[in-house]
Amino acid sequence: PHCLGRFAHRQAVTGNAAIFDQRLDRRAAHQHRGEQSLRKAGLAKDRLDRQRAARHVARVLEQPDVAREQRRREEPDDLPVGEVPRHHREHRPERVVAHVEQRLGPVDLLVNAAARIERTELPFWQADPAELWDVVETNLRGPLLLTRALLPQMVARRHGHVVNLASTARAATRTGTYSGYAVSKRALTVLTEVLAASLAGTGVVVLDVLPGLVRTSMTTGMPVWRDVPDDGWDPASATTKTVVEVALGRYDTAAGTVLDAPALARRRASDRGP
């Protein structure tokens, strides 16, 4: 009886263990299904967030003053005088990034769209050195510092896109002027190429987008574009569409290259047919 009791005890323990294991298995399966559901919901929310962000980017880029050739004839009215000379210590890129992330969350898309150009068409040897350097700092140092501030977080999340609005600097090559603008834009394209090589495999993609010649108050104010006919301008919508597609990951395999937005728009129209 003693041996039978021990056998019965072992059987009871084994049976209870089996029941317990089955419960654990069911609980683990339930938890796994729950995690899968949460993961799917998270991915769907992530896609929705990206689509919303992309639409917001499109609205911003289609504003008339966001364009390839940006010309500053006046000082901005919405910044305190004396507080934001180009790189004031109280307005470091890190502070800007922290402020944005506190209000909107992690930044997954950076579009370096702002730029400036010289006020007058002068050859290099007659141009004001201070203005030349100011143009270079705005067009190159600005994107460089913002990109540097955001890339560590993007790399850590293994996801992110940086878009640099490029330029062929046609105004400079046509007139032999706008040297600061031409140098800064060419250098920005080189930065894109260098970053693409170092970011390979990180999930972060850097691309140039070429908007072409977009009609804005700034470009129409440049003497070199004064006689451009109505059908000679490229639509801003071509750029917004391309940036949205970049944000959605459709050009990830083209990292480090230049996307010609007007050419892509023509190709899309051709694919749709008449």
# chains A, B, ... in the order shown; residues from 1 in each chain; ligands from 1
call {"tool": "residues_around", "arguments": {"residues": "stretch 244-260 of chain A", "least_positions_apart": "3", "cutoff": "10 Å", "atoms": "only C-alpha atoms", "output": "PyMOL selection string"}}
result
chain A and resi 47+50-58+108-111+159-167+189-197+199-200+203-212+238-241+263-265
call {"tool": "atom_distance", "arguments": {"atom1": "atom CA of A:Leu188", "atom2": "atom CA of A:Leu140"}}
result
5.9 Å
call {"tool": "select_by_dssp", "arguments": {"residues": "stretch 70-243 of chain A", "states": "strand (DSSP E)", "output": "list in words"}}
result
Leu109, Leu110, Val111, Asn112, Gly160, His161, Val162, Val163, Asn164, Leu165, Val204, Val205, Val206, Leu207, Asp208, Val209 and Leu210 of chain A
call {"tool": "residues_around", "arguments": {"residues": "A:Asp231", "least_positions_apart": "6", "cutoff": "12 Å", "atoms": "only C-alpha atoms", "output": "list in words"}}
result
Leu213, Val214 and Arg215 of chain A
call {"tool": "residues_around", "arguments": {"residues": "A:Asp134", "least_positions_apart": "6", "cutoff": "10 Å", "atoms": "only C-alpha atoms", "output": "PDB file with N, CA, C and O atoms, in the first residue's frame"}}
result
ATOM      1  N   ARG A  86      22.061  83.337 -36.959  1.00  0.00           N
ATOM      2  CA  ARG A  86      22.132  82.003 -37.549  1.00  0.00           C
ATOM      3  C   ARG A  86      22.228  80.840 -36.563  1.00  0.00           C
ATOM      4  O   ARG A  86      21.473  79.910 -36.627  1.00  0.00           O
ATOM      5  N   ARG A 116      18.526  79.653 -49.062  1.00  0.00           N
ATOM      6  CA  ARG A 116      18.530  81.056 -49.485  1.00  0.00           C
ATOM      7  C   ARG A 116      19.511  81.237 -50.618  1.00  0.00           C
ATOM      8  O   ARG A 116      20.358  80.374 -50.877  1.00  0.00           O
ATOM      9  N   ILE A 117      19.396  82.343 -51.293  1.00  0.00           N
ATOM     10  CA  ILE A 117      20.250  82.632 -52.437  1.00  0.00           C
ATOM     11  C   ILE A 117      20.674  84.095 -52.363  1.00  0.00           C
ATOM     12  O   ILE A 117      20.035  84.907 -51.670  1.00  0.00           O
ATOM     13  N   GLU A 118      21.756  84.438 -53.039  1.00  0.00           N
ATOM     14  CA  GLU A 118      22.242  85.814 -53.003  1.00  0.00           C
ATOM     15  C   GLU A 118      21.185  86.789 -53.511  1.00  0.00           C
ATOM     16  O   GLU A 118      20.374  86.474 -54.389  1.00  0.00           O
ATOM     17  N   ASP A 128      29.720  89.913 -52.152  1.00  0.00           N
ATOM     18  CA  ASP A 128      30.057  90.190 -50.758  1.00  0.00           C
ATOM     19  C   ASP A 128      30.438  88.869 -50.071  1.00  0.00           C
ATOM     20  O   ASP A 128      29.609  87.956 -49.984  1.00  0.00           O
ATOM     21  N   LEU A 140      23.954  74.681 -46.280  1.00  0.00           N
ATOM     22  CA  LEU A 140      24.747  73.481 -46.010  1.00  0.00           C
ATOM     23  C   LEU A 140      24.860  73.200 -44.516  1.00  0.00           C
ATOM     24  O   LEU A 140      24.560  72.092 -44.066  1.00  0.00           O
ATOM     25  N   ARG A 141      25.285  74.198 -43.751  1.00  0.00           N
ATOM     26  CA  ARG A 141      25.477  73.953 -42.327  1.00  0.00           C
ATOM     27  C   ARG A 141      24.149  73.680 -41.627  1.00  0.00           C
ATOM     28  O   ARG A 141      24.073  72.824 -40.736  1.00  0.00           O
ATOM     29  N   GLY A 180      27.654  81.224 -54.049  1.00  0.00           N
ATOM     30  CA  GLY A 180      27.412  80.616 -52.744  1.00  0.00           C
ATOM     31  C   GLY A 180      26.323  79.565 -52.809  1.00  0.00           C
ATOM     32  O   GLY A 180      26.446  78.485 -52.217  1.00  0.00           O
ATOM     33  N   TYR A 181      25.270  79.876 -53.537  1.00  0.00           N
ATOM     34  CA  TYR A 181      24.168  78.931 -53.677  1.00  0.00           C
ATOM     35  C   TYR A 181      24.627  77.666 -54.390  1.00  0.00           C
ATOM     36  O   TYR A 181      24.343  76.543 -53.946  1.00  0.00           O
TER      37      TYR A 181
END
call {"tool": "atom_distance", "arguments": {"atom1": "atom CA of A:Ala127", "atom2": "atom CA of A:Ser184"}}
result
15.3 Å
